[in-house]
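With CSV, C-alpha atoms inside, this is run-v8.csv:
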```
chain,number,residue,atom,x,y,z
A,1,MET,CA,-26.4,-99.1,23.0
A,2,ALA,CA,-23.7,-96.5,22.4
A,3,ARG,CA,-20.5,-96.5,24.3
A,4,VAL,CA,-20.1,-93.9,27.1
A,5,SER,CA,-16.5,-92.9,26.7
A,6,GLY,CA,-16.2,-89.3,25.5
A,7,GLY,CA,-19.7,-88.5,26.5
A,8,ARG,CA,-21.2,-85.3,28.0
A,9,GLY,CA,-20.6,-84.3,31.6
A,10,THR,CA,-16.8,-84.1,31.4
A,11,ARG,CA,-16.0,-81.1,33.5
A,12,GLY,CA,-15.2,-81.2,37.2
A,13,PRO,CA,-12.8,-83.5,39.1
A,14,GLU,CA,-11.1,-86.1,36.9
A,15,TRP,CA,-12.0,-88.9,39.3
A,16,ALA,CA,-15.7,-88.0,39.1
A,17,VAL,CA,-15.6,-87.8,35.3
A,18,ARG,CA,-14.0,-91.2,35.1
A,19,ALA,CA,-16.2,-92.8,37.7
A,20,LEU,CA,-19.4,-91.5,36.0
A,21,ALA,CA,-18.3,-93.0,32.7
A,22,ASP,CA,-17.6,-96.3,34.4
A,23,VAL,CA,-21.0,-96.5,36.1
A,24,LEU,CA,-22.9,-95.6,33.0
A,25,GLU,CA,-20.9,-98.0,30.9
A,26,ARG,CA,-21.9,-100.7,33.3
A,27,VAL,CA,-25.5,-99.6,33.0
A,28,GLY,CA,-25.3,-100.5,29.3
A,29,ALA,CA,-23.9,-103.9,30.1
A,30,THR,CA,-26.6,-104.5,32.7
A,31,ALA,CA,-29.4,-103.6,30.3
A,32,ALA,CA,-28.2,-106.3,28.0
A,33,GLU,CA,-28.0,-108.8,30.8
A,34,VAL,CA,-31.4,-108.2,32.3
A,35,GLU,CA,-33.2,-108.4,28.9
A,36,GLY,CA,-36.1,-106.0,29.7
A,37,ARG,CA,-36.5,-106.9,33.3
A,38,PHE,CA,-35.7,-104.5,36.2
A,39,PRO,CA,-32.4,-105.0,38.2
A,40,LEU,CA,-32.8,-104.9,41.9
A,41,TYR,CA,-29.5,-106.1,43.5
A,42,ALA,CA,-26.5,-108.0,42.2
A,43,ASP,CA,-24.2,-110.5,43.9
A,44,PRO,CA,-20.9,-108.8,44.8
A,45,ASP,CA,-18.8,-111.7,43.6
A,46,THR,CA,-20.6,-112.9,40.5
A,47,GLY,CA,-22.3,-109.7,39.4
A,48,ARG,CA,-25.5,-111.7,38.8
A,49,TRP,CA,-28.6,-109.6,39.2
A,50,THR,CA,-31.8,-110.4,41.0
A,51,THR,CA,-34.5,-108.9,38.9
A,52,THR,CA,-38.2,-108.1,38.9
A,53,GLY,CA,-40.7,-108.0,36.1
A,54,ARG,CA,-42.4,-104.8,37.0
A,55,GLY,CA,-39.7,-103.0,38.9
A,56,SER,CA,-41.2,-103.1,42.4
A,57,TRP,CA,-40.4,-99.9,44.5
A,58,ALA,CA,-37.0,-99.5,42.9
A,59,GLY,CA,-37.9,-99.6,39.2
A,60,GLY,CA,-37.7,-95.8,38.9
A,61,PHE,CA,-34.0,-95.9,39.7
A,62,TRP,CA,-33.3,-98.2,36.8
A,63,ALA,CA,-35.2,-95.9,34.5
A,64,GLY,CA,-33.3,-92.9,36.0
A,65,LEU,CA,-30.0,-94.6,35.3
A,66,LEU,CA,-31.0,-95.2,31.7
A,67,TRP,CA,-31.9,-91.5,31.4
A,68,LEU,CA,-28.6,-90.5,32.8
A,69,ARG,CA,-26.8,-92.7,30.3
A,70,ALA,CA,-28.8,-91.2,27.5
A,71,ARG,CA,-27.8,-87.7,28.5
A,72,HIS,CA,-24.2,-88.8,28.8
A,73,THR,CA,-24.0,-90.5,25.4
A,74,GLY,CA,-26.5,-88.3,23.5
A,75,ALA,CA,-27.3,-91.4,21.5
A,76,GLU,CA,-30.9,-91.9,20.2
A,77,ASP,CA,-30.9,-95.6,20.9
A,78,ASP,CA,-30.0,-94.9,24.6
A,79,ARG,CA,-32.8,-92.4,24.8
A,80,ALA,CA,-35.2,-94.9,23.2
A,81,ALA,CA,-34.2,-97.5,25.8
A,82,ALA,CA,-34.8,-95.1,28.7
A,83,SER,CA,-38.2,-94.0,27.3
A,84,ALA,CA,-39.3,-97.7,26.8
A,85,CYS,CA,-38.3,-98.5,30.4
A,86,THR,CA,-40.2,-95.5,31.8
A,87,ALA,CA,-43.3,-96.6,29.8
A,88,ARG,CA,-43.2,-100.0,31.5
A,89,LEU,CA,-43.6,-98.2,34.9
A,90,ALA,CA,-46.9,-96.6,33.9
A,91,ASP,CA,-49.0,-99.1,35.7
A,92,TRP,CA,-47.6,-97.9,39.0
A,93,ALA,CA,-49.3,-94.6,38.6
A,94,ASP,CA,-52.5,-96.1,39.9
A,95,ALA,CA,-51.0,-98.5,42.5
A,96,ASP,CA,-51.9,-97.9,46.1
A,97,THR,CA,-48.5,-97.0,47.4
A,98,SER,CA,-46.6,-93.8,48.5
A,99,THR,CA,-43.5,-95.3,46.9
A,100,ARG,CA,-44.9,-93.9,43.7
A,101,GLY,CA,-42.6,-91.0,44.5
A,102,LEU,CA,-39.6,-93.4,44.3
A,103,ILE,CA,-40.9,-95.1,41.2
A,104,LEU,CA,-42.4,-92.3,39.1
A,105,TRP,CA,-40.5,-89.2,40.2
A,106,TYR,CA,-37.0,-90.7,39.8
A,107,GLY,CA,-38.1,-92.6,36.8
A,108,THR,CA,-39.2,-89.5,34.9
A,109,ALA,CA,-37.5,-86.4,36.4
A,110,LEU,CA,-34.5,-86.7,34.0
A,111,ALA,CA,-36.6,-87.5,31.0
A,112,ALA,CA,-36.6,-83.9,29.6
A,113,GLY,CA,-38.7,-83.7,26.4
A,114,ASP,CA,-40.1,-87.2,26.6
A,115,THR,CA,-43.9,-86.8,26.3
A,116,GLY,CA,-44.5,-90.3,27.5
A,117,ALA,CA,-42.6,-89.8,30.7
A,118,ARG,CA,-44.4,-86.4,31.2
A,119,ASP,CA,-47.8,-88.1,30.8
A,120,VAL,CA,-46.9,-90.8,33.3
A,121,ARG,CA,-45.6,-88.3,35.8
A,122,THR,CA,-48.7,-86.1,35.4
A,123,ARG,CA,-51.1,-89.1,35.9
A,124,SER,CA,-49.2,-90.4,38.9
A,125,ALA,CA,-49.1,-87.0,40.5
A,126,GLY,CA,-52.9,-86.6,40.1
A,127,ALA,CA,-53.4,-90.1,41.5
A,128,CYS,CA,-51.3,-89.4,44.6
A,129,LEU,CA,-53.2,-86.2,45.2
A,130,ALA,CA,-56.5,-88.0,45.0
A,131,ALA,CA,-55.2,-90.7,47.4
A,132,MET,CA,-54.3,-88.3,50.2
A,133,ASP,CA,-56.0,-89.2,53.4
A,134,ALA,CA,-57.3,-85.9,54.7
A,135,GLU,CA,-57.9,-87.2,58.2
A,136,LEU,CA,-54.4,-88.6,58.7
A,137,GLY,CA,-52.8,-85.7,56.7
A,138,LEU,CA,-50.7,-87.9,54.5
A,139,LEU,CA,-50.5,-90.2,51.5
A,140,PRO,CA,-50.6,-93.7,53.2
A,141,TRP,CA,-47.9,-96.3,52.6
A,142,GLY,CA,-50.6,-98.3,50.9
A,143,SER,CA,-51.4,-101.9,50.2
A,144,ALA,CA,-49.5,-102.6,47.0
A,145,PHE,CA,-46.8,-104.6,48.8
A,146,GLY,CA,-49.0,-106.3,51.3
A,147,GLY,CA,-49.2,-105.7,55.1
A,148,PRO,CA,-50.9,-102.8,56.8
A,149,ARG,CA,-52.0,-100.0,54.6
A,150,LEU,CA,-52.1,-97.1,57.1
A,151,LEU,CA,-48.4,-96.7,57.6
A,152,ALA,CA,-46.2,-93.6,57.6
A,153,ARG,CA,-42.7,-94.6,56.4
A,154,VAL,CA,-39.8,-92.2,55.6
A,155,ASP,CA,-39.2,-94.1,52.3
A,156,GLY,CA,-42.7,-92.9,51.3
A,157,LEU,CA,-41.3,-89.3,51.3
A,158,PRO,CA,-38.6,-89.0,48.6
A,159,GLY,CA,-40.0,-88.1,45.2
A,160,THR,CA,-43.5,-87.9,46.6
A,161,ILE,CA,-42.9,-84.2,47.7
A,162,PRO,CA,-41.8,-83.0,44.2
A,163,LEU,CA,-44.4,-85.2,42.5
A,164,LEU,CA,-47.3,-83.7,44.5
A,165,ALA,CA,-45.9,-80.2,44.1
A,166,THR,CA,-46.3,-80.5,40.3
A,167,THR,CA,-50.1,-80.4,40.6
A,168,GLY,CA,-50.4,-76.8,41.7
A,169,PRO,CA,-51.5,-75.2,45.0
A,170,ARG,CA,-53.5,-78.2,46.2
A,171,GLY,CA,-50.6,-80.4,45.5
A,172,ALA,CA,-48.2,-78.1,47.3
A,173,ALA,CA,-50.6,-78.1,50.4
A,174,ALA,CA,-50.7,-81.9,50.2
A,175,ALA,CA,-47.0,-82.2,49.9
A,176,ALA,CA,-46.5,-80.0,53.0
A,177,SER,CA,-49.1,-82.0,54.9
A,178,HIS,CA,-47.5,-85.3,53.9
A,179,LEU,CA,-44.0,-84.1,55.0
A,180,GLN,CA,-45.3,-82.4,58.2
A,181,ARG,CA,-47.0,-85.6,59.4
A,182,HIS,CA,-43.8,-87.6,58.9
A,183,LEU,CA,-41.7,-85.0,60.6
A,184,SER,CA,-44.0,-85.0,63.6
A,185,LEU,CA,-43.8,-88.8,63.9
A,186,CYS,CA,-40.3,-89.6,62.9
A,187,LEU,CA,-38.1,-86.9,64.5
A,188,PRO,CA,-37.5,-86.6,68.2
A,189,PRO,CA,-38.6,-83.3,69.7
A,190,TYR,CA,-35.8,-80.8,69.6
A,191,THR,CA,-35.4,-79.0,73.0
A,192,GLY,CA,-32.6,-76.7,72.1
A,193,ALA,CA,-30.3,-78.5,74.5
A,194,GLY,CA,-28.0,-79.8,71.7
A,195,GLU,CA,-27.9,-81.4,68.3
A,196,TRP,CA,-29.4,-84.7,67.4
A,197,GLY,CA,-26.9,-87.6,67.6
A,198,ALA,CA,-26.3,-90.2,65.0
A,199,GLY,CA,-30.0,-90.5,64.3
A,200,GLN,CA,-30.7,-93.5,66.6
A,201,ASP,CA,-33.8,-91.7,68.0
A,202,ILE,CA,-35.4,-91.3,64.6
A,203,VAL,CA,-38.3,-93.7,64.2
A,204,PRO,CA,-38.7,-94.4,60.5
A,205,ALA,CA,-42.0,-96.2,60.4
A,206,TRP,CA,-45.4,-95.8,62.2
A,207,SER,CA,-48.7,-97.7,61.9
A,208,PHE,CA,-52.1,-96.1,62.5
A,209,GLU,CA,-54.1,-98.6,64.7
A,210,GLU,CA,-57.3,-98.1,66.7
A,211,GLY,CA,-57.2,-94.3,66.3
A,212,ALA,CA,-53.6,-93.8,67.3
A,213,TRP,CA,-50.1,-93.9,65.7
A,214,ARG,CA,-47.7,-96.6,67.0
A,215,ALA,CA,-44.1,-97.1,66.2
A,216,CYS,CA,-43.2,-100.1,64.0
A,217,ALA,CA,-40.5,-102.5,64.9
A,218,ASP,CA,-39.3,-102.8,61.3
A,219,PRO,CA,-37.5,-100.9,60.0
A,220,ALA,CA,-36.1,-100.1,63.4
A,221,PRO,CA,-34.8,-96.8,64.8
A,222,GLY,CA,-31.2,-96.3,63.6
A,223,TRP,CA,-31.9,-97.5,60.0
A,224,SER,CA,-29.4,-95.6,58.0
A,225,ARG,CA,-31.6,-95.2,54.9
A,226,GLY,CA,-34.3,-93.8,57.0
A,227,ARG,CA,-32.1,-90.9,58.0
A,228,ALA,CA,-30.9,-90.5,54.4
A,229,TRP,CA,-34.4,-90.5,52.9
A,230,LEU,CA,-35.6,-87.9,55.4
A,231,LEU,CA,-32.7,-85.6,54.7
A,232,LEU,CA,-33.4,-86.0,51.0
A,233,ALA,CA,-37.1,-85.1,51.4
A,234,LEU,CA,-36.1,-82.0,53.4
A,235,ALA,CA,-33.6,-80.9,50.8
A,236,ASP,CA,-36.2,-81.3,48.1
A,237,VAL,CA,-38.8,-79.2,49.9
A,238,LEU,CA,-36.4,-76.3,50.5
A,239,HIS,CA,-36.2,-75.9,46.7
A,240,ARG,CA,-40.0,-75.6,46.5
A,241,PRO,CA,-41.0,-72.5,48.4
A,242,ALA,CA,-44.7,-73.1,47.6
A,243,VAL,CA,-44.4,-76.2,49.8
A,244,ALA,CA,-41.9,-75.1,52.3
A,245,HIS,CA,-43.7,-72.0,53.5
A,246,ARG,CA,-46.7,-74.1,54.5
A,247,LEU,CA,-44.7,-76.1,57.0
A,248,SER,CA,-44.7,-75.2,60.6
A,249,GLY,CA,-41.4,-74.8,62.3
A,250,HIS,CA,-38.2,-74.2,60.4
A,251,PRO,CA,-37.4,-76.8,57.8
A,252,GLU,CA,-34.0,-75.2,57.1
A,253,ALA,CA,-33.0,-75.8,60.7
A,254,LEU,CA,-34.3,-79.3,60.6
A,255,ALA,CA,-32.3,-80.1,57.5
A,256,GLU,CA,-29.1,-78.6,59.0
A,257,ARG,CA,-29.5,-80.6,62.2
A,258,LEU,CA,-30.1,-83.8,60.3
A,259,ALA,CA,-27.2,-83.1,58.0
A,260,ALA,CA,-25.0,-82.5,61.0
A,261,SER,CA,-25.5,-86.1,62.1
A,262,TRP,CA,-23.5,-87.2,59.0
A,263,THR,CA,-20.2,-85.9,60.2
A,264,GLY,CA,-18.2,-89.2,60.1
A,265,PRO,CA,-15.9,-91.0,60.0
A,266,PRO,CA,-16.9,-93.4,58.7
A,267,LEU,CA,-18.3,-91.9,55.5
A,268,VAL,CA,-20.3,-95.1,55.0
A,269,PRO,CA,-22.6,-95.7,58.0
A,270,PRO,CA,-23.6,-99.1,59.4
A,271,ALA,CA,-26.9,-100.3,58.0
A,272,VAL,CA,-28.3,-100.3,61.5
A,273,ASP,CA,-26.8,-98.1,64.2
A,274,ALA,CA,-27.3,-100.8,66.9
A,275,ARG,CA,-24.9,-103.1,64.9
A,276,PRO,CA,-21.8,-100.9,64.4
A,277,ASP,CA,-19.8,-104.0,63.4
A,278,GLY,CA,-22.4,-105.3,61.0
A,279,PRO,CA,-23.0,-104.5,57.4
A,280,ARG,CA,-22.5,-101.0,56.1
A,281,ASP,CA,-24.7,-99.4,53.5
A,282,THR,CA,-23.1,-97.5,50.6
A,283,SER,CA,-26.6,-96.7,49.2
A,284,ALA,CA,-27.4,-94.6,52.3
A,285,ALA,CA,-24.2,-92.7,51.8
A,286,ALA,CA,-24.9,-92.0,48.2
A,287,ILE,CA,-28.5,-90.8,49.0
A,288,THR,CA,-27.0,-88.5,51.6
A,289,ALA,CA,-24.4,-87.1,49.2
A,290,VAL,CA,-27.2,-86.1,46.8
A,291,ALA,CA,-29.2,-84.5,49.6
A,292,LEU,CA,-26.2,-82.5,50.6
A,293,LEU,CA,-25.6,-81.4,47.0
A,294,LYS,CA,-29.2,-80.2,47.0
A,295,LEU,CA,-28.6,-78.3,50.2
A,296,ALA,CA,-25.4,-76.9,48.7
A,297,ARG,CA,-27.5,-75.3,45.9
A,298,LEU,CA,-29.3,-73.2,48.5
A,299,PRO,CA,-27.9,-69.7,49.3
A,300,GLY,CA,-26.4,-69.4,52.7
A,301,PRO,CA,-23.2,-69.8,54.7
A,302,ARG,CA,-23.4,-73.6,54.9
A,303,SER,CA,-23.6,-74.2,51.1
A,304,ALA,CA,-19.8,-74.7,50.6
A,305,HIS,CA,-19.6,-77.0,53.7
A,306,HIS,CA,-22.4,-79.2,52.3
A,307,ALA,CA,-20.8,-79.3,48.9
A,308,ASP,CA,-17.4,-80.3,50.4
A,309,ARG,CA,-19.0,-83.0,52.5
A,310,ALA,CA,-21.0,-84.4,49.6
A,311,THR,CA,-17.9,-84.5,47.4
A,312,ALA,CA,-15.9,-86.2,50.2
A,313,ILE,CA,-18.6,-88.9,50.5
A,314,LEU,CA,-18.7,-89.5,46.7
A,315,HIS,CA,-14.9,-89.6,46.4
A,316,GLY,CA,-14.8,-92.1,49.3
A,317,LEU,CA,-17.4,-94.3,47.6
A,318,VAL,CA,-15.5,-94.2,44.3
A,319,ASP,CA,-12.1,-94.9,45.9
A,320,VAL,CA,-13.2,-97.7,48.2
A,321,HIS,CA,-16.4,-99.2,47.0
A,322,LEU,CA,-16.7,-98.8,43.2
A,323,SER,CA,-15.5,-101.8,41.2
A,324,ARG,CA,-15.7,-101.7,37.4
A,325,GLY,CA,-18.7,-99.4,37.5
A,326,ARG,CA,-20.5,-101.3,40.3
A,327,LEU,CA,-21.1,-99.7,43.7
A,328,LEU,CA,-20.7,-102.5,46.2
A,329,ASP,CA,-21.3,-102.9,49.9
A,330,GLY,CA,-24.9,-101.8,49.8
A,331,CYS,CA,-27.3,-103.4,52.3
A,332,TYR,CA,-30.8,-104.1,51.3
A,333,ASP,CA,-32.1,-105.5,54.6
A,334,ALA,CA,-29.6,-106.2,57.4
A,335,GLU,CA,-32.3,-107.6,59.8
A,336,LYS,CA,-33.5,-110.2,57.2
A,337,ALA,CA,-29.9,-110.8,55.9
A,338,ILE,CA,-31.0,-109.9,52.3
A,339,ALA,CA,-28.3,-108.6,50.0
A,340,VAL,CA,-26.1,-107.2,52.8
A,341,ARG,CA,-23.0,-106.3,50.8
A,342,HIS,CA,-24.4,-106.1,47.3
A,343,GLN,CA,-24.7,-103.7,44.4
A,344,LEU,CA,-28.1,-102.0,44.7
A,345,VAL,CA,-29.8,-100.3,41.8
A,346,TRP,CA,-30.7,-97.3,43.9
A,347,GLY,CA,-27.2,-97.0,45.3
A,348,ASP,CA,-25.9,-96.9,41.7
A,349,PHE,CA,-28.5,-94.3,40.8
A,350,PHE,CA,-27.7,-91.9,43.6
A,351,LEU,CA,-24.0,-92.3,43.1
A,352,ALA,CA,-24.4,-91.6,39.4
A,353,LEU,CA,-26.7,-88.6,40.1
A,354,GLY,CA,-24.2,-87.1,42.5
A,355,LEU,CA,-21.3,-87.6,40.0
A,356,ALA,CA,-23.5,-86.1,37.3
A,357,GLU,CA,-23.9,-83.0,39.4
A,358,LEU,CA,-20.2,-82.7,40.0
A,359,THR,CA,-19.4,-83.1,36.3
A,360,GLY,CA,-22.1,-80.8,35.0
A,361,LEU,CA,-24.2,-83.4,33.3
A,362,VAL,CA,-27.3,-82.5,35.4
A,363,ASP,CA,-28.5,-79.9,37.8
A,364,VAL,CA,-29.3,-81.9,40.9
A,365,ARG,CA,-32.3,-79.7,41.7
A,366,ASP,CA,-34.1,-81.2,38.7
A,367,ALA,CA,-34.0,-84.7,40.0
```
Please go through the file and, once you have read it, give me the structure as structure tokens.
Amino acid sequence: MARVSGGRGTRGPEWAVRALADVLERVGATAAEVEGRFPLYADPDTGRWTTTGRGSWAGGFWAGLLWLRARHTGAEDDRAAASACTARLADWADADTSTRGLILWYGTALAAGDTGARDVRTRSAGACLAAMDAELGLLPWGSAFGGPRLLARVDGLPGTIPLLATTGPRGAAAAASHLQRHLSLCLPPYTGAGEWGAGQDIVPAWSFEEGAWRACADPAPGWSRGRAWLLLALADVLHRPAVAHRLSGHPEALAERLAASWTGPPLVPPAVDARPDGPRDTSAAAITAVALLKLARLPGPRSAHHADRATAILHGLVDVHLSRGRLLDGCYDAEKAIAVRHQLVWGDFFLALGLAELTGLVDVRDA
């Protein structure tokens, strides 16, 4: 693989240019270490990766990092590596899981001009549309990872909205229905009496049992990535008028109120609100920064505020939590004590994506 230094995406703040180069340089080293497998999370002390053979729900973020690296270096061998990685995700197109959005949107969105990636994305989008449950009004969580199939989880939203929207009017209607159902379940009713607080009332997962929706205990309310994923999905839909106009209520206002819950300090939230002294989650902060950058691309009086807030989060992550291209202090699962202060592949991806927007490497609306 080519070296990153001197690559594309070199305007914007010097700290962001330097940090992006460091992250993408590390991507090249990781690719050599994992030898064709998909990295999931790495030990903060040794840097050793836990990997998967097929990528699991996070495989698209590794492909996305490789595409970002290929854009930055402009090297043909880096582009070939990204293309080959995306091809290995193709089997997920027909898997029974709404995380196809995470896998096959983020694994293909930055692959401009790659016909293989385009074909995988098209097939996956059609499969998601065919799997919509008309009665429940959503794409179910699915059975691919075991457990109950009829779940509504906020991590089944990101990527799924833009993926469905690529299929035309039916897909736009399906995307709106999928998001609407999650909003009706996961967000507390807004009475107009004040803003939502830190998000502790957001219920990130629901199960459909015996004809009714019931809140799940895991992940619990107050899960930081639940809040981040939901904000990202709302930011995505606002850039797709064909979807947004089908939603009831005011998605712009929902996004603004949810964004307002990320006022800080701290810039990096606890992984679970109920454990303020427990592990923090840099990946949730990085996801939120990207969502805010997408909101900043919308016209309106709050655009500059969202851009400033996103930049502050990214700068804080780089200053405090980035070590030799590795975003540390991510928390995979606090309740199960899995990888609670680690480098997470999705944390690296959203940090790199945010930095790529700041330095002109990508337009964040495309990813």
*Write out as number ranges by chain each polymer residue whose atoms come within 10 Å of range 132-142 of chain A, counting only C-alpha atoms; drop sequence neighbours fewer than 5 positions from it.*
A: 95-100, 127, 147-157, 160, 171, 174-182, 205-208, 211, 213
*Can you work out which one of A:Leu238, A:Val203, A:Leu185, A:Ala165 has the shortest atom-to-atom distance to Pro221 in chain A, counting all atoms listed in the file?*
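Once distances to Pro221 in chain A are computed over all atoms listed in the file, the minimum belongs to A:Val203.
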*Measuring atom to atom with all atoms listed in the file, identify which of A:Arg309, A:Lys294, A:Arg79, A:Arg123 is nearest to Leu110 in chain A.*
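The answer is A:Arg79, which sits nearest to Leu110 in chain A.
Among the candidates A:Pro269, A:Pro169, A:Gly354, A:Gly249, the residue lying nearest to His315 in chain A is A:Gly354 (atoms considered: all atoms listed in the file).
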*Select, from A:Ala233, A:Ala334, A:Phe61, A:Ser143, the residue with the minimum atom-to-atom distance to Phe350 in chain A, counting all atoms listed in the file.*
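Result for the nearest residue to Phe350 in chain A: A:Phe61.
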*Surrounding residues of Leu298 in chain A excluding itself and chain neighbours under 3 positions, 12 Å, all atoms listed in the file, as JSON, numbers by chain*: {"A": [235, 236, 237, 238, 239, 240, 241, 252, 255, 256, 291, 292, 293, 294, 295, 301, 302, 303, 304, 305, 306, 307, 364, 365]}
Neighbours of point (-46.7, -86.9, 31.6) within 12 Å, using all atoms listed in the file, written as a compact mmCIF listing (two decimals) with C-alpha atoms, in the frame of the given file:
```txt
# COMPACT_ATOMS: atom_id res chain seq x y z
CA SER A 83 -38.20 -94.00 27.30
CA THR A 86 -40.20 -95.50 31.80
CA ALA A 87 -43.30 -96.60 29.80
CA ALA A 90 -46.90 -96.60 33.90
CA ALA A 93 -49.30 -94.60 38.60
CA LEU A 104 -42.40 -92.30 39.10
CA TRP A 105 -40.50 -89.20 40.20
CA GLY A 107 -38.10 -92.60 36.80
CA THR A 108 -39.20 -89.50 34.90
CA ALA A 109 -37.50 -86.40 36.40
CA ALA A 111 -36.60 -87.50 31.00
CA ALA A 112 -36.60 -83.90 29.60
CA GLY A 113 -38.70 -83.70 26.40
CA ASP A 114 -40.10 -87.20 26.60
CA THR A 115 -43.90 -86.80 26.30
CA GLY A 116 -44.50 -90.30 27.50
CA ALA A 117 -42.60 -89.80 30.70
CA ARG A 118 -44.40 -86.40 31.20
CA ASP A 119 -47.80 -88.10 30.80
CA VAL A 120 -46.90 -90.80 33.30
CA ARG A 121 -45.60 -88.30 35.80
CA THR A 122 -48.70 -86.10 35.40
CA ARG A 123 -51.10 -89.10 35.90
CA SER A 124 -49.20 -90.40 38.90
CA ALA A 125 -49.10 -87.00 40.50
CA GLY A 126 -52.90 -86.60 40.10
CA LEU A 163 -44.40 -85.20 42.50
CA THR A 166 -46.30 -80.50 40.30
CA THR A 167 -50.10 -80.40 40.60
```
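Close contacts of Pro265 in chain A, defined as residues with an atom at most 12 Å away when counting all atoms listed in the file, with chain neighbours fewer than 3 positions off set aside, comprise Ala198, Ser261, Trp262, Val268, Pro269, Pro270, Ala285, Arg309, Ala312, Ile313 and Gly316 of chain A.
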Serialized selection, C-alpha atoms, as a short mmCIF file (atom, residue, chain, number, x, y, z; two decimals), keeping the file's coordinate frame:
```cif
data_model
loop_
_atom_site.label_atom_id
_atom_site.label_comp_id
_atom_site.auth_asym_id
_atom_site.auth_seq_id
_atom_site.Cartn_x
_atom_site.Cartn_y
_atom_site.Cartn_z
CA ALA A 198 -26.30 -90.20 65.00
CA SER A 261 -25.50 -86.10 62.10
CA TRP A 262 -23.50 -87.20 59.00
CA VAL A 268 -20.30 -95.10 55.00
CA PRO A 269 -22.60 -95.70 58.00
CA PRO A 270 -23.60 -99.10 59.40
CA ALA A 285 -24.20 -92.70 51.80
CA ARG A 309 -19.00 -83.00 52.50
CA ALA A 312 -15.90 -86.20 50.20
CA ILE A 313 -18.60 -88.90 50.50
CA GLY A 316 -14.80 -92.10 49.30
#
```
*Taking only C-alpha atoms into account, which of A:Leu89, A:Cys216, A:Ala173, A:Cys186 comes nearest Ala244 in chain A?*
A:Ala173
_Report, in Å with one decimal, the straight-line distance from CA of Phe38 in chain A to CA of Gly347 in chain A._
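These two atoms are separated by 14.5 Å.
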*Tell me which of A:Ala42, A:Asp281, A:Val345, A:Ala131 sits closest to Ser56 in chain A, counting only C-alpha atoms.*
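Checking each of A:Ala42, A:Asp281, A:Val345, A:Ala131 against Ser56 in chain A, counting only C-alpha atoms, the winner is A:Val345.
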*Test item: residues at most 7 Å from range 47-52 of chain A, all atoms listed in the file, excluding those fewer than 6 positions along its chain, as a list in words*: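 Neighbouring residues, sequence-local ones excluded: Arg37, Phe38, Pro39, Leu40 and Tyr41 of chain A.
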*Grab the CA of Gly64 in chain A to CA of Val243 in chain A distance for me, in Å with one decimal place.*
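Separation of CA of Gly64 in chain A and CA of Val243 in chain A: 24.3 Å.
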*For CA of Trp346 in chain A and CA of Ala172 in chain A, quote the distance in Å rounded to one decimal.*
26.2 Å
What's the 9 Å shell around Leu65 in chain A, counting only C-alpha atoms, without same-chain residues fewer than 6 positions away, as a PDB file with C-alpha atoms, in the frame of the given file?
```
ATOM      1  CA  LEU A  24     -22.900 -95.600  33.000  1.00  0.00           C
ATOM      2  CA  VAL A  27     -25.500 -99.600  33.000  1.00  0.00           C
ATOM      3  CA  ALA A  82     -34.800 -95.100  28.700  1.00  0.00           C
ATOM      4  CA  GLY A 107     -38.100 -92.600  36.800  1.00  0.00           C
ATOM      5  CA  VAL A 345     -29.800-100.300  41.800  1.00  0.00           C
ATOM      6  CA  ASP A 348     -25.900 -96.900  41.700  1.00  0.00           C
ATOM      7  CA  PHE A 349     -28.500 -94.300  40.800  1.00  0.00           C
ATOM      8  CA  ALA A 352     -24.400 -91.600  39.400  1.00  0.00           C
ATOM      9  CA  LEU A 353     -26.700 -88.600  40.100  1.00  0.00           C
TER      10      LEU A 353
END
```
